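This is query23.cif (mmCIF, C-alpha atoms).
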data_structure
#
loop_
_atom_site.label_atom_id
_atom_site.label_comp_id
_atom_site.auth_asym_id
_atom_site.auth_seq_id
_atom_site.Cartn_x
_atom_site.Cartn_y
_atom_site.Cartn_z
CA MET Y 27 -6.55 -21.20 23.06
CA VAL Y 28 -5.46 -24.37 21.25
CA GLY Y 29 -7.14 -23.20 18.07
CA GLN Y 30 -5.47 -19.79 18.17
CA SER Y 31 -2.09 -21.40 18.88
CA ALA Y 32 -2.57 -23.65 15.86
CA THR Y 33 -3.50 -20.58 13.80
CA ALA Y 34 -0.33 -18.79 14.89
CA PHE Y 35 1.70 -21.88 13.98
CA TRP Y 36 0.31 -22.24 10.47
CA GLN Y 37 0.73 -18.51 9.79
CA TRP Y 38 4.32 -18.90 10.92
CA LEU Y 39 4.76 -21.80 8.50
CA LEU Y 40 3.21 -19.67 5.76
CA THR Y 41 5.87 -17.01 6.35
CA ILE Y 42 8.59 -19.66 6.17
CA TRP Y 43 7.12 -21.12 2.97
CA LEU Y 44 6.93 -17.74 1.24
CA MET Y 45 10.45 -16.78 2.32
CA ARG Y 46 12.17 -20.09 1.45
CA VAL Y 47 10.32 -20.90 -1.77
CA PHE Y 48 9.57 -17.47 -3.27
CA GLY Y 49 12.11 -15.22 -1.49
CA PRO Y 50 11.86 -12.06 0.63
CA GLU Y 51 10.45 -9.97 -2.22
CA GLU Y 52 7.35 -12.15 -2.56
CA LEU Y 53 6.92 -12.21 1.22
CA GLY Y 54 7.22 -8.43 1.18
CA ARG Y 55 4.55 -8.18 -1.53
CA TYR Y 56 2.20 -10.39 0.51
CA THR Y 57 2.86 -8.28 3.62
CA PHE Y 58 2.12 -5.09 1.72
CA MET Y 59 -1.24 -6.51 0.61
CA LEU Y 60 -2.09 -7.39 4.21
CA ALA Y 61 -1.13 -3.87 5.30
CA ALA Y 62 -3.49 -2.46 2.66
CA VAL Y 63 -6.55 -4.63 3.33
CA SER Y 64 -6.35 -5.27 7.09
CA PRO Y 65 -7.29 -1.75 8.30
CA LEU Y 66 -10.36 -1.67 6.05
CA LEU Y 67 -11.50 -5.17 7.03
CA LEU Y 68 -11.01 -4.42 10.71
CA PHE Y 69 -13.14 -1.32 10.28
CA SER Y 70 -15.86 -3.46 8.69
CA ASN Y 71 -15.57 -5.86 11.66
CA PHE Y 72 -16.80 -3.10 14.00
CA GLN Y 73 -15.27 -5.26 16.79
CA LEU Y 74 -18.51 -7.23 16.79
CA ARG Y 75 -16.88 -10.40 18.10
CA ASN Y 76 -15.66 -8.68 21.26
CA ARG Y 77 -18.91 -6.78 21.78
CA ILE Y 78 -21.15 -9.83 21.32
CA ALA Y 79 -18.92 -11.90 23.61
CA ALA Y 80 -19.03 -9.20 26.31
CA GLN Y 81 -22.72 -8.31 25.75
CA PRO Y 82 -24.74 -11.46 24.88
CA GLU Y 83 -27.93 -9.38 24.63
CA LEU Y 84 -26.66 -8.29 21.19
CA LEU Y 85 -27.37 -11.80 19.82
CA SER Y 86 -30.83 -10.61 18.82
CA ARG Y 87 -29.20 -8.24 16.31
CA VAL Y 88 -26.99 -10.83 14.63
CA PRO Y 89 -29.04 -10.91 11.35
CA GLU Y 90 -28.45 -7.16 10.95
CA TYR Y 91 -24.76 -7.54 11.72
CA ILE Y 92 -24.34 -10.39 9.20
CA ARG Y 93 -25.84 -8.31 6.38
CA LEU Y 94 -23.74 -5.31 7.43
CA ARG Y 95 -20.52 -7.36 7.50
CA LEU Y 96 -21.16 -8.86 4.05
CA PHE Y 97 -21.79 -5.44 2.51
CA THR Y 98 -18.85 -3.64 4.13
CA SER Y 99 -16.38 -6.53 3.65
CA VAL Y 100 -16.97 -6.79 -0.09
CA PHE Y 101 -16.71 -3.02 -0.49
CA CYS Y 102 -13.49 -2.80 1.56
CA VAL Y 103 -11.83 -5.67 -0.30
CA LEU Y 104 -12.62 -4.09 -3.68
CA VAL Y 105 -11.17 -0.74 -2.59
CA ALA Y 106 -8.01 -2.35 -1.17
CA GLY Y 107 -7.53 -4.59 -4.21
CA VAL Y 108 -7.75 -1.69 -6.68
CA TRP Y 109 -5.33 0.39 -4.60
CA VAL Y 110 -2.77 -2.46 -4.38
CA TYR Y 111 -3.04 -3.07 -8.14
CA PHE Y 112 -2.10 0.52 -8.96
CA LYS Y 113 0.50 0.74 -6.19
CA GLU Y 114 2.22 -2.56 -7.09
CA PRO Y 115 1.46 -3.13 -10.80
CA ASP Y 116 3.94 -6.04 -10.94
CA SER Y 117 1.67 -8.11 -8.69
CA ALA Y 118 -0.32 -10.81 -10.46
CA ILE Y 119 -4.09 -10.33 -10.52
CA LEU Y 120 -4.63 -13.83 -9.09
CA PHE Y 121 -2.23 -12.99 -6.24
CA ILE Y 122 -4.27 -9.92 -5.30
CA VAL Y 123 -7.64 -11.66 -5.68
CA GLY Y 124 -6.53 -14.73 -3.70
CA VAL Y 125 -5.14 -12.80 -0.75
CA MET Y 126 -8.10 -10.40 -0.60
CA LEU Y 127 -10.65 -13.23 -0.80
CA PHE Y 128 -8.91 -15.19 1.94
CA LYS Y 129 -8.70 -12.19 4.29
CA MET Y 130 -12.39 -11.42 3.71
CA VAL Y 131 -13.44 -14.97 4.66
CA GLU Y 132 -11.10 -14.95 7.66
CA SER Y 133 -12.50 -11.61 8.79
CA PHE Y 134 -16.12 -12.74 8.46
CA SER Y 135 -15.48 -15.78 10.66
CA GLU Y 136 -14.78 -13.44 13.60
CA LEU Y 137 -18.51 -12.67 13.78
CA THR Y 138 -19.49 -16.33 14.06
CA HIS Y 139 -16.81 -16.83 16.72
CA GLY Y 140 -18.33 -14.03 18.79
CA VAL Y 141 -21.79 -15.59 18.49
CA LEU Y 142 -20.53 -19.02 19.60
CA GLN Y 143 -18.63 -17.50 22.53
CA ALA Y 144 -21.73 -15.60 23.70
CA GLU Y 145 -23.73 -18.86 23.49
CA GLY Y 146 -21.19 -20.62 25.72
CA LYS Y 147 -19.84 -22.76 22.85
CA LEU Y 148 -16.28 -21.45 22.78
CA PRO Y 149 -14.76 -24.99 22.38
CA LEU Y 150 -16.43 -25.15 18.94
CA VAL Y 151 -14.37 -22.14 17.90
CA GLY Y 152 -11.21 -24.02 18.84
CA VAL Y 153 -12.32 -27.09 16.88
CA SER Y 154 -13.08 -24.95 13.83
CA LEU Y 155 -9.69 -23.21 13.98
CA VAL Y 156 -7.85 -26.53 14.28
CA VAL Y 157 -9.74 -27.91 11.25
CA LYS Y 158 -8.86 -24.77 9.26
CA CYS Y 159 -5.21 -25.14 10.24
CA LEU Y 160 -5.10 -28.80 9.21
CA LEU Y 161 -6.59 -27.85 5.84
CA ALA Y 162 -4.02 -25.06 5.50
CA PHE Y 163 -1.16 -27.48 6.25
CA PHE Y 164 -2.50 -29.94 3.67
CA LEU Y 165 -2.99 -27.29 0.98
CA MET Y 166 0.41 -25.75 1.70
CA GLY Y 167 2.07 -29.15 1.20
CA LEU Y 168 0.06 -29.67 -1.97
CA ALA Y 169 1.03 -26.22 -3.24
CA PHE Y 170 4.70 -26.95 -2.56
CA TYR Y 171 4.53 -30.32 -4.36
CA ILE Y 172 2.47 -29.22 -7.38
CA LYS Y 173 4.10 -25.76 -7.57
CA TRP Y 174 0.94 -23.72 -7.14
CA SER Y 175 1.20 -19.97 -7.34
CA VAL Y 176 0.64 -18.00 -4.13
CA GLY Y 177 -2.59 -16.49 -5.48
CA PHE Y 178 -4.08 -19.86 -6.42
CA PHE Y 179 -3.16 -21.27 -2.99
CA PHE Y 180 -4.99 -18.46 -1.16
CA SER Y 181 -8.04 -18.74 -3.45
CA ILE Y 182 -8.43 -22.47 -2.73
CA LEU Y 183 -7.75 -21.89 0.98
CA ALA Y 184 -10.51 -19.25 1.15
CA ILE Y 185 -13.05 -21.66 -0.35
CA PHE Y 186 -12.15 -24.44 2.10
CA HIS Y 187 -12.28 -22.05 5.08
CA LEU Y 188 -15.73 -20.89 3.98
CA LEU Y 189 -16.93 -24.50 3.96
CA VAL Y 190 -15.54 -25.02 7.47
CA ILE Y 191 -17.42 -21.94 8.72
CA PHE Y 192 -20.74 -23.43 7.57
CA ILE Y 193 -20.00 -27.03 8.60
CA CYS Y 194 -18.22 -26.54 11.96
CA GLU Y 195 -19.60 -23.21 13.18
CA TRP Y 196 -22.82 -22.06 11.55
CA ARG Y 197 -24.97 -25.16 11.97
CA PHE Y 198 -24.06 -25.60 15.65
CA SER Y 199 -25.10 -22.08 16.64
CA THR Y 200 -28.63 -21.61 18.00
CA THR Y 201 -28.65 -18.00 16.82
CA LEU Y 202 -27.27 -18.62 13.33
CA VAL Y 203 -29.67 -21.45 12.40
CA GLN Y 204 -32.72 -19.32 13.21
CA ASN Y 205 -34.45 -16.94 10.84
CA LEU Y 206 -31.72 -14.52 9.76
CA LYS Y 207 -33.95 -11.99 8.04
CA PRO Y 208 -32.94 -8.51 9.31
CA SER Y 209 -35.65 -6.58 11.13
CA GLN Y 210 -34.69 -3.14 9.79
CA PRO Y 211 -33.00 -1.49 6.78
CA LEU Y 212 -29.21 -1.44 6.52
CA TRP Y 213 -28.83 2.27 7.22
CA GLN Y 214 -30.83 1.98 10.44
CA THR Y 215 -28.31 -0.51 11.82
CA PHE Y 216 -25.87 2.38 12.15
CA THR Y 217 -28.38 4.82 13.63
CA THR Y 218 -29.63 2.37 16.27
CA ASP Y 219 -26.16 1.19 17.34
CA PRO Y 220 -24.08 4.24 18.30
CA TYR Y 221 -20.93 2.22 18.93
CA LEU Y 222 -20.55 0.78 15.42
CA TYR Y 223 -18.80 3.81 13.93
CA SER Y 224 -16.59 4.55 16.92
CA LEU Y 225 -15.42 0.96 17.40
CA GLY Y 226 -14.93 0.50 13.66
CA VAL Y 227 -12.78 3.63 13.53
CA VAL Y 228 -10.77 2.44 16.56
CA ALA Y 229 -10.15 -0.93 14.85
CA LEU Y 230 -9.16 0.77 11.60
CA LEU Y 231 -6.77 3.15 13.37
CA THR Y 232 -5.29 0.30 15.42
CA SER Y 233 -4.52 -1.72 12.30
CA LEU Y 234 -3.35 1.36 10.40
CA ASN Y 235 -0.96 2.11 13.24
CA ALA Y 236 0.70 -1.27 12.64
CA SER Y 237 0.67 -0.75 8.86
CA TRP Y 238 2.50 2.61 8.69
CA PRO Y 239 6.00 1.08 8.98
CA ARG Y 240 5.12 -1.35 6.18
CA PHE Y 241 3.91 1.46 3.92
CA ILE Y 242 7.07 3.47 4.61
CA LEU Y 243 9.30 0.45 3.97
CA GLN Y 244 7.47 -0.27 0.72
CA SER Y 245 7.85 3.32 -0.51
CA LYS Y 246 11.44 4.01 0.63
CA GLU Y 247 13.05 0.55 0.47
CA HIS Y 248 12.90 -2.54 -1.75
CA LEU Y 249 10.15 -5.11 -1.18
CA SER Y 250 12.82 -7.56 -0.05
CA VAL Y 251 13.55 -5.34 2.99
CA LEU Y 252 9.85 -5.46 3.84
CA GLY Y 253 10.08 -9.25 3.51
CA HIS Y 254 12.92 -9.40 6.06
CA PHE Y 255 10.92 -7.19 8.41
CA SER Y 256 7.91 -9.51 7.96
CA ALA Y 257 10.02 -12.52 8.89
CA LEU Y 258 10.89 -10.85 12.19
CA PHE Y 259 7.39 -9.52 12.74
CA ALA Y 260 5.99 -13.04 12.39
CA VAL Y 261 7.43 -13.68 15.87
CA TYR Y 262 5.48 -10.72 17.24
CA ALA Y 263 2.34 -11.86 15.42
CA ALA Y 264 2.62 -15.37 16.88
CA LEU Y 265 3.06 -14.01 20.41
CA GLY Y 266 0.14 -11.63 19.88
CA VAL Y 267 -2.26 -14.22 18.45
CA ILE Y 268 -1.84 -16.50 21.46
CA LEU Y 269 -2.07 -13.64 23.95
CA ASN Y 270 -5.09 -12.05 22.26
CA ALA Y 271 -6.92 -15.39 22.14
CA TRP Y 272 -6.40 -15.80 25.87
CA LEU Y 273 -7.58 -12.24 26.60
CA GLN Y 274 -10.64 -12.65 24.36
CA GLY Y 275 -11.52 -15.77 26.33
CA MET Y 276 -11.41 -13.61 29.48
CA LEU Y 277 -13.83 -11.01 28.08
CA THR Y 278 -16.98 -12.72 29.31
CA ARG Y 279 -15.44 -13.32 32.74
CA LEU Y 280 -14.24 -9.73 32.88
CA SER Y 281 -17.76 -8.42 32.30
CA GLN Y 282 -19.04 -10.67 35.11
CA VAL Y 283 -16.57 -9.50 37.77
CA ALA Y 284 -18.24 -7.60 40.60
CA PRO Y 285 -18.39 -3.86 39.75
CA SER Y 286 -16.11 -2.77 42.59
CA ARG Y 287 -12.62 -1.37 42.38
CA LYS Y 288 -11.16 -4.06 44.63
CA ALA Y 289 -12.59 -6.98 42.65
CA ARG Y 290 -11.67 -5.62 39.23
CA ASP Y 291 -8.26 -4.38 40.37
CA LEU Y 292 -7.44 -7.86 41.67
CA PHE Y 293 -8.62 -9.49 38.44
CA LEU Y 294 -6.61 -7.10 36.23
CA SER Y 295 -3.53 -7.50 38.44
CA LYS Y 296 -3.60 -11.29 38.02
CA LEU Y 297 -3.87 -10.96 34.25
CA ALA Y 298 -1.06 -8.37 34.15
CA VAL Y 299 1.24 -10.69 36.12
CA GLN Y 300 0.48 -13.56 33.74
CA ILE Y 301 1.21 -11.35 30.71
CA THR Y 302 4.53 -10.37 32.29
CA ILE Y 303 5.53 -13.98 32.95
CA TYR Y 304 4.58 -14.92 29.38
CA HIS Y 305 6.93 -12.28 27.96
CA VAL Y 306 9.76 -13.03 30.38
CA VAL Y 307 9.74 -16.66 29.21
CA ALA Y 308 9.59 -15.51 25.57
CA ALA Y 309 12.53 -13.13 26.15
CA LEU Y 310 14.68 -15.84 27.78
CA VAL Y 311 14.21 -18.04 24.71
CA LEU Y 312 14.09 -15.59 21.81
CA ILE Y 313 16.59 -12.85 22.69
CA PRO Y 314 19.70 -15.08 22.96
CA PHE Y 315 18.71 -17.77 20.46
CA GLY Y 316 15.96 -16.33 18.24
CA SER Y 317 18.09 -14.83 15.46
CA THR Y 318 20.18 -18.00 15.05
CA ILE Y 319 17.14 -20.24 15.04
CA LEU Y 320 15.27 -18.07 12.54
CA GLU Y 321 18.20 -17.85 10.12
CA TRP Y 322 18.26 -21.64 10.08
CA VAL Y 323 14.46 -21.83 9.70
CA PHE Y 324 14.30 -19.32 6.84
CA GLY Y 325 17.39 -20.73 5.17
CA ARG Y 326 19.09 -17.37 4.64
CA SER Y 327 20.86 -14.55 6.48
CA LEU Y 328 18.45 -12.01 7.90
CA MET Y 329 18.79 -8.24 8.18
CA TRP Y 330 18.37 -8.11 11.96
CA GLY Y 331 19.78 -9.53 15.18
CA MET Y 332 19.56 -9.38 18.98
CA PRO Y 333 18.76 -5.62 19.34
CA GLU Y 334 15.75 -5.92 17.03
CA MET Y 335 14.56 -9.08 18.80
CA THR Y 336 14.84 -7.38 22.22
CA LEU Y 337 12.79 -4.42 21.06
CA LEU Y 338 10.24 -6.78 19.50
CA ILE Y 339 9.64 -8.57 22.83
CA THR Y 340 9.29 -5.17 24.52
CA LEU Y 341 6.77 -4.14 21.87
CA SER Y 342 4.78 -7.34 22.39
CA PHE Y 343 4.67 -6.75 26.15
CA ALA Y 344 3.48 -3.14 25.74
CA ALA Y 345 0.85 -4.26 23.21
CA GLY Y 346 -0.37 -7.03 25.53
CA MET Y 347 -0.82 -4.67 28.48
CA SER Y 348 -2.52 -2.12 26.25
CA THR Y 349 -4.92 -4.77 24.92
CA LEU Y 350 -5.74 -5.90 28.46
CA MET Y 351 -6.75 -2.38 29.46
CA TYR Y 352 -8.68 -1.86 26.23
CA TYR Y 353 -10.69 -5.04 26.81
CA PHE Y 354 -11.37 -3.91 30.37
CA LEU Y 355 -12.76 -0.60 29.07
CA LEU Y 356 -14.82 -2.49 26.48
CA ALA Y 357 -16.30 -4.82 29.12
CA ALA Y 358 -17.01 -1.83 31.40
CA GLY Y 359 -18.92 -0.06 28.60
CA HIS Y 360 -16.45 2.83 28.18
CA MET Y 361 -15.97 2.78 24.42
CA GLY Y 362 -16.34 6.37 23.29
CA SER Y 363 -12.92 8.05 23.33
CA GLN Y 364 -10.47 5.37 22.19
CA TRP Y 365 -10.43 6.74 18.66
CA VAL Y 366 -8.82 9.95 19.93
CA VAL Y 367 -6.03 7.89 21.50
CA MET Y 368 -5.48 6.02 18.24
CA ILE Y 369 -5.32 9.17 16.11
CA PHE Y 370 -2.39 10.48 18.14
CA SER Y 371 -0.83 7.00 18.15
CA ASN Y 372 -0.96 6.89 14.34
CA VAL Y 373 0.61 10.33 14.06
CA LEU Y 374 3.40 9.34 16.46
CA THR Y 375 4.09 6.05 14.66
CA PHE Y 376 4.09 7.71 11.23
CA LEU Y 377 6.40 10.57 12.22
CA THR Y 378 8.82 8.30 14.10
CA GLY Y 379 8.89 5.82 11.22
CA SER Y 380 9.41 8.51 8.59
CA TRP Y 381 12.40 9.79 10.56
CA LEU Y 382 14.06 6.50 11.61
CA ILE Y 383 13.28 4.00 8.83
CA PRO Y 384 15.50 5.70 6.18
CA GLN Y 385 18.40 5.51 8.65
CA SER Y 386 17.86 1.95 9.92
CA PRO Y 387 14.93 0.25 8.15
CA ILE Y 388 14.01 -2.65 10.42
CA LEU Y 389 15.12 -1.19 13.76
CA GLY Y 390 13.40 2.09 12.88
CA ALA Y 391 10.15 0.29 12.02
CA ILE Y 392 10.08 -1.48 15.40
CA VAL Y 393 10.90 1.72 17.32
CA ALA Y 394 8.08 3.52 15.47
CA LEU Y 395 5.59 0.82 16.49
CA LEU Y 396 6.89 0.90 20.06
CA ALA Y 397 6.40 4.67 20.24
CA GLY Y 398 2.75 4.44 19.16
CA THR Y 399 2.02 1.45 21.40
CA THR Y 400 3.59 3.13 24.44
CA TRP Y 401 1.31 6.11 23.91
CA GLN Y 402 -1.72 3.79 23.78
CA LEU Y 403 -0.61 2.04 26.96
CA ALA Y 404 -0.23 5.33 28.84
CA CYS Y 405 -3.64 6.64 27.71
CA TYR Y 406 -5.52 3.40 28.40
CA GLY Y 407 -3.83 3.23 31.80
CA VAL Y 408 -5.19 6.68 32.70
CA MET Y 409 -8.66 5.79 31.38
CA THR Y 410 -8.66 2.51 33.35
CA HIS Y 411 -7.74 4.38 36.53
CA GLN Y 412 -10.61 6.82 35.96
CA VAL Y 413 -13.08 3.95 35.52
CA MET Y 414 -11.81 2.31 38.73
CA VAL Y 415 -12.34 5.56 40.62
CA GLY Y 416 -15.86 5.69 39.21
CA PHE Y 417 -16.57 2.22 40.67
CA ASP Y 418 -15.61 3.54 44.10
CA HIS Y 419 -18.02 6.46 43.75
CA ASP Y 420 -20.81 4.15 42.66
#
Rewrite the structure of this file - the entire thing - as C-alpha cells.
Amino acid sequence: MVGQSATAFWQWLLTIWLMRVFGPEELGRYTFMLAAVSPLLLFSNFQLRNRIAAQPELLSRVPEYIRLRLFTSVFCVLVAGVWVYFKEPDSAILFIVGVMLFKMVESFSELTHGVLQAEGKLPLVGVSLVVKCLLAFFLMGLAFYIKWSVGFFFSILAIFHLLVIFICEWRFSTTLVQNLKPSQPLWQTFTTDPYLYSLGVVALLTSLNASWPRFILQSKEHLSVLGHFSALFAVYAALGVILNAWLQGMLTRLSQVAPSRKARDLFLSKLAVQITIYHVVAALVLIPFGSTILEWVFGRSLMWGMPEMTLLITLSFAAGMSTLMYYFLLAAGHMGSQWVVMIFSNVLTFLTGSWLIPQSPILGAIVALLAGTTWQLACYGVMTHQVMVGFDHD
C-alpha cells in the first residue's frame, strides 16, 4: 500500500513536471503515447499478477510465463511505437523509444510482484516500489537541473527500474532464483492455459475503454487540450492506484474466504463500505478545493472546474466498485465472460465520446468514461449475484 501510494505520488509529480516545464502540448503527447501502448501491454500481461496471487499453484508455470511476457511485450511495444511515429510524426524518436521502454519494464515488473505476493513476500513489493520512486524523484530533479529531454529521462529511468527489479525483487524470490528453463514450447503455453487469451483480451479492452477519449481528443482537438485533460485525469489515476493496490492485497484473502454466500457477502460488503468512505473523503477535499489547488500546482489556468471534478470522483467510485466485483469473480474462478462486458463498454464509451467531446472536450471525455464504467458495474453486479446464488446451491 505504501509502495503504491508512493508510485501514485511520483506519477503525479511527473504530470506536474511535464505541464510546468514543457507545457500542456508535451503532456498531451506523452498521454497519447500511453494511450497507444497501454492496451497492448496490458494484453501481454494476461493479468498474470492477479491470477498468480489468487492461485499460488500457478507458481510452477512461472518460467513459461516469463518467456511469454518477454516475447509479447517486445512485440507490443514495437507495434505501438511504429503506430505513434506515423500518427504523431512531430514526436522525437528518443521520446517514443524512452516512453515505450519504460512502460515495458514497468509492465514486466507486475509478474514479479504477483510471484512475491503468492510467496507471502508482499512487503518486498512495497520496498521495491519505494526504491523505484526515490530513483524517479532523483532522476526527475537531475533532468530538471541538467535540462534533459523527456525521452532521455524515461530511457534512463527504465534502466534503473530494471536494475531494481533484479536487485530488490528477483533475487529474494524462491521461485525466480530456481531453474527458469520452460518445460514446454511457447505455443503450448496458450493451449494448456485456457484463461490466457480471455484475460488478456479483457485487460486490453479495459485499457482501450479508458483510451478512447484520449484518441478522440487527439484527433478532434489540439494536443494541448489532451494535456489539460491529462492534468485532471492524474487525480483519478492517483485515486485508482491507491485503491487498486489495496484491492490487489485483498485478492489472496478473498480467495480464502469460506465458499458460502453469507461469508463472502459480508466480506464484499465491508470492502464496499470502505471504498465508499474513501471516495466521500476524496469528494469533501477535491470538489470544493481541487480546481484551485491544481491551478496553483500546475502554474496555469486549467480548462475545467468543479463540475468536471465532481464527475471524476463519481467515475472513480464506479470504477472502484466495478474492480471489487471483478476481483471477486477472478478469485471465485469465474473468468470466462468478462470480455463480452468489455466489448459493449468500449462501444458505449466510443459512441458517447464521439458525440459529446466535440461539444465539450473535457466534460464529454469524463461522461464517456462514466457511461462505459457504469455499464461494467451493472454487468459485474449481476454476475456477482449469480455466483453468490451458486454458493447457496452448493
Given the file shown, determine the residues that the PyMOL selection byres ((chain Y and resi 76) around 9) selects; report them as a PyMOL selection string. chain Y and resi 73-75+77-81+137+140+274+277+353+356-357
Translate the PyMOL selection byres ((chain Y and resi 192-204) around 12) into a concrete residue list for this structure, as JSON, numbers by chain. {"Y": [78, 82, 83, 84, 85, 86, 87, 88, 89, 90, 91, 92, 131, 134, 135, 136, 137, 138, 139, 140, 141, 142, 143, 144, 145, 146, 147, 148, 149, 150, 151, 152, 153, 154, 155, 156, 157, 158, 185, 186, 187, 188, 189, 190, 191, 205, 206, 207, 208]}
All residues 7 Å or closer to Y:Gly54, all atoms listed in the file, same chain fewer than 4 positions away omitted, as a compact mmCIF listing (two decimals) with C-alpha atoms, in the frame of the given file:
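Full text of result-v4.txt as output:
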# COMPACT_ATOMS: atom_id res chain seq x y z
CA PRO Y 50 11.86 -12.06 0.63
CA PHE Y 58 2.12 -5.09 1.72
CA LEU Y 249 10.15 -5.11 -1.18
CA SER Y 250 12.82 -7.56 -0.05
CA LEU Y 252 9.85 -5.46 3.84
CA GLY Y 253 10.08 -9.25 3.51
CA SER Y 256 7.91 -9.51 7.96
Test item: the PyMOL selection byres ((chain Y and resi 219-234) around 10) resolved as a PyMOL selection string: chain Y and resi 61-74+77+87+214-218+235-241+356+361-372+375-376+398-399+402
Cut-off 12 Å: closest stretch 293-392 of chain Y/stretch 38-48 of chain Y atom pairs per residue, using only C-alpha atoms, as a Markdown table:
| residue | atom | partner | partner_atom | distance |
| --- | --- | --- | --- | --- |
| Y:Leu320 | CA | Y:Ile42 | CA | 9.4 |
| Y:Glu321 | CA | Y:Ile42 | CA | 10.5 |
| Y:Trp322 | CA | Y:Ile42 | CA | 10.6 |
| Y:Val323 | CA | Y:Ile42 | CA | 7.2 |
| Y:Phe324 | CA | Y:Ile42 | CA | 5.8 |
| Y:Gly325 | CA | Y:Arg46 | CA | 6.4 |
| Y:Arg326 | CA | Y:Arg46 | CA | 8.1 |
| Y:Ser327 | CA | Y:Met45 | CA | 11.4 |
| Y:Leu328 | CA | Y:Met45 | CA | 10.9 |
Which residue is closest to Y:Gln244? Choose from Y:Ile383, Y:Leu337, Y:Met414, Y:Ala394 and count only C-alpha atoms.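 Checking each of Y:Ile383, Y:Leu337, Y:Met414, Y:Ala394 against Y:Gln244, counting only C-alpha atoms, the winner is Y:Ile383.
Atom CA of Y:His248 is found 15.9 Å from atom CA of Y:Gly379.
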Of the residues Y:Ile339, Y:Met347, Y:Leu374, Y:Met59, which is the one nearest to Y:His305, using all atoms listed in the file?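 Residue with the minimum atom-to-atom distance to Y:His305: Y:Ile339.
For the choices Y:Ile122, Y:Ile392, Y:Val261, Y:Leu183, the atom-to-atom distance to Y:Trp109 is smallest for Y:Ile122 when using only C-alpha atoms.
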Do you have the atom CA of Y:Pro314-atom CA of Y:Pro387 distance handy?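 Those two atoms sit 21.8 Å apart.
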Which distance in Å separates atom CA of Y:Leu165 and atom CA of Y:Phe179, to one decimal? 7.2 Å
Pick from Y:Leu403, Y:Met351, Y:Ala263, Y:Ala271 nearest to Y:Ala298, counting only C-alpha atoms: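 Between Y:Leu403, Y:Met351, Y:Ala263, Y:Ala271, the residue approaching Y:Ala298 most closely is Y:Met351.
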Neighbours of Y:Met130 within 9 Å (only C-alpha atoms; same-chain residues fewer than 6 positions away dropped), as a list in words?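 Near Y:Met130, the qualifying residues are Val63, Leu67, Ser99, Val100, Cys102, Val103 and Ala184 of chain Y.
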Take the selection from the previous step and output its residues with C-alpha atoms, as an mmCIF file, in the frame of the given file.
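Wrote it out as out31.cif, contents follow:
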data_model
loop_
_atom_site.group_PDB
_atom_site.id
_atom_site.type_symbol
_atom_site.label_atom_id
_atom_site.label_comp_id
_atom_site.auth_asym_id
_atom_site.auth_seq_id
_atom_site.Cartn_x
_atom_site.Cartn_y
_atom_site.Cartn_z
ATOM 1 C CA VAL Y 63 -6.550 -4.630 3.330
ATOM 2 C CA LEU Y 67 -11.500 -5.170 7.030
ATOM 3 C CA SER Y 99 -16.380 -6.530 3.650
ATOM 4 C CA VAL Y 100 -16.970 -6.790 -0.090
ATOM 5 C CA CYS Y 102 -13.490 -2.800 1.560
ATOM 6 C CA VAL Y 103 -11.830 -5.670 -0.300
ATOM 7 C CA ALA Y 184 -10.510 -19.250 1.150
#
Considering only C-alpha atoms, can you say which of Y:Thr98, Y:Ser348, Y:Ser295, Y:Thr336 comes closest to Y:Val311? Y:Thr336
Which residue of Y:Leu94, Y:Ser386, Y:Leu168, Y:Leu53 approaches Y:Lys246 most closely, using only C-alpha atoms: Y:Ser386
Just want the 9 Å neighbourhood of Y:Thr410, counted on only C-alpha atoms, with same-chain residues fewer than 5 positions away dropped. Output as a PyMOL selection string. chain Y and resi 351-352+354-355+405+415
Would you kindly return, as a PyMOL selection string, each protein, DNA or RNA residue with an atom no farther than 12 Å from any atom of Y:Ile313, considering only C-alpha atoms and excluding same-chain residues fewer than 3 positions away? chain Y and resi 261+305-310+316-320+330-340
Those residues you just picked out, can you put them in a file as a compact mmCIF listing (two decimals), keeping the file's coordinate frame with C-alpha atoms?
# COMPACT_ATOMS: atom_id res chain seq x y z
CA VAL Y 261 7.43 -13.68 15.87
CA HIS Y 305 6.93 -12.28 27.96
CA VAL Y 306 9.76 -13.03 30.38
CA VAL Y 307 9.74 -16.66 29.21
CA ALA Y 308 9.59 -15.51 25.57
CA ALA Y 309 12.53 -13.13 26.15
CA LEU Y 310 14.68 -15.84 27.78
CA GLY Y 316 15.96 -16.33 18.24
CA SER Y 317 18.09 -14.83 15.46
CA THR Y 318 20.18 -18.00 15.05
CA ILE Y 319 17.14 -20.24 15.04
CA LEU Y 320 15.27 -18.07 12.54
CA TRP Y 330 18.37 -8.11 11.96
CA GLY Y 331 19.78 -9.53 15.18
CA MET Y 332 19.56 -9.38 18.98
CA PRO Y 333 18.76 -5.62 19.34
CA GLU Y 334 15.75 -5.92 17.03
CA MET Y 335 14.56 -9.08 18.80
CA THR Y 336 14.84 -7.38 22.22
CA LEU Y 337 12.79 -4.42 21.06
CA LEU Y 338 10.24 -6.78 19.50
CA ILE Y 339 9.64 -8.57 22.83
CA THR Y 340 9.29 -5.17 24.52
Can you tell me, as a CSV table (one decimal) with C-alpha atoms, keeping the file's coordinate frame, which residues sit within 12 Å of (-7.8, -14.9, -6.0) in the file's frame, using all atoms listed in the file?
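The result, stored in part_22.csv:
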chain,number,residue,atom,x,y,z
Y,103,VAL,CA,-11.8,-5.7,-0.3
Y,107,GLY,CA,-7.5,-4.6,-4.2
Y,117,SER,CA,1.7,-8.1,-8.7
Y,118,ALA,CA,-0.3,-10.8,-10.5
Y,119,ILE,CA,-4.1,-10.3,-10.5
Y,120,LEU,CA,-4.6,-13.8,-9.1
Y,121,PHE,CA,-2.2,-13.0,-6.2
Y,122,ILE,CA,-4.3,-9.9,-5.3
Y,123,VAL,CA,-7.6,-11.7,-5.7
Y,124,GLY,CA,-6.5,-14.7,-3.7
Y,125,VAL,CA,-5.1,-12.8,-0.8
Y,126,MET,CA,-8.1,-10.4,-0.6
Y,127,LEU,CA,-10.6,-13.2,-0.8
Y,128,PHE,CA,-8.9,-15.2,1.9
Y,129,LYS,CA,-8.7,-12.2,4.3
Y,130,MET,CA,-12.4,-11.4,3.7
Y,175,SER,CA,1.2,-20.0,-7.3
Y,176,VAL,CA,0.6,-18.0,-4.1
Y,177,GLY,CA,-2.6,-16.5,-5.5
Y,178,PHE,CA,-4.1,-19.9,-6.4
Y,179,PHE,CA,-3.2,-21.3,-3.0
Y,180,PHE,CA,-5.0,-18.5,-1.2
Y,181,SER,CA,-8.0,-18.7,-3.4
Y,182,ILE,CA,-8.4,-22.5,-2.7
Y,183,LEU,CA,-7.8,-21.9,1.0
Y,184,ALA,CA,-10.5,-19.2,1.2
Y,185,ILE,CA,-13.0,-21.7,-0.4
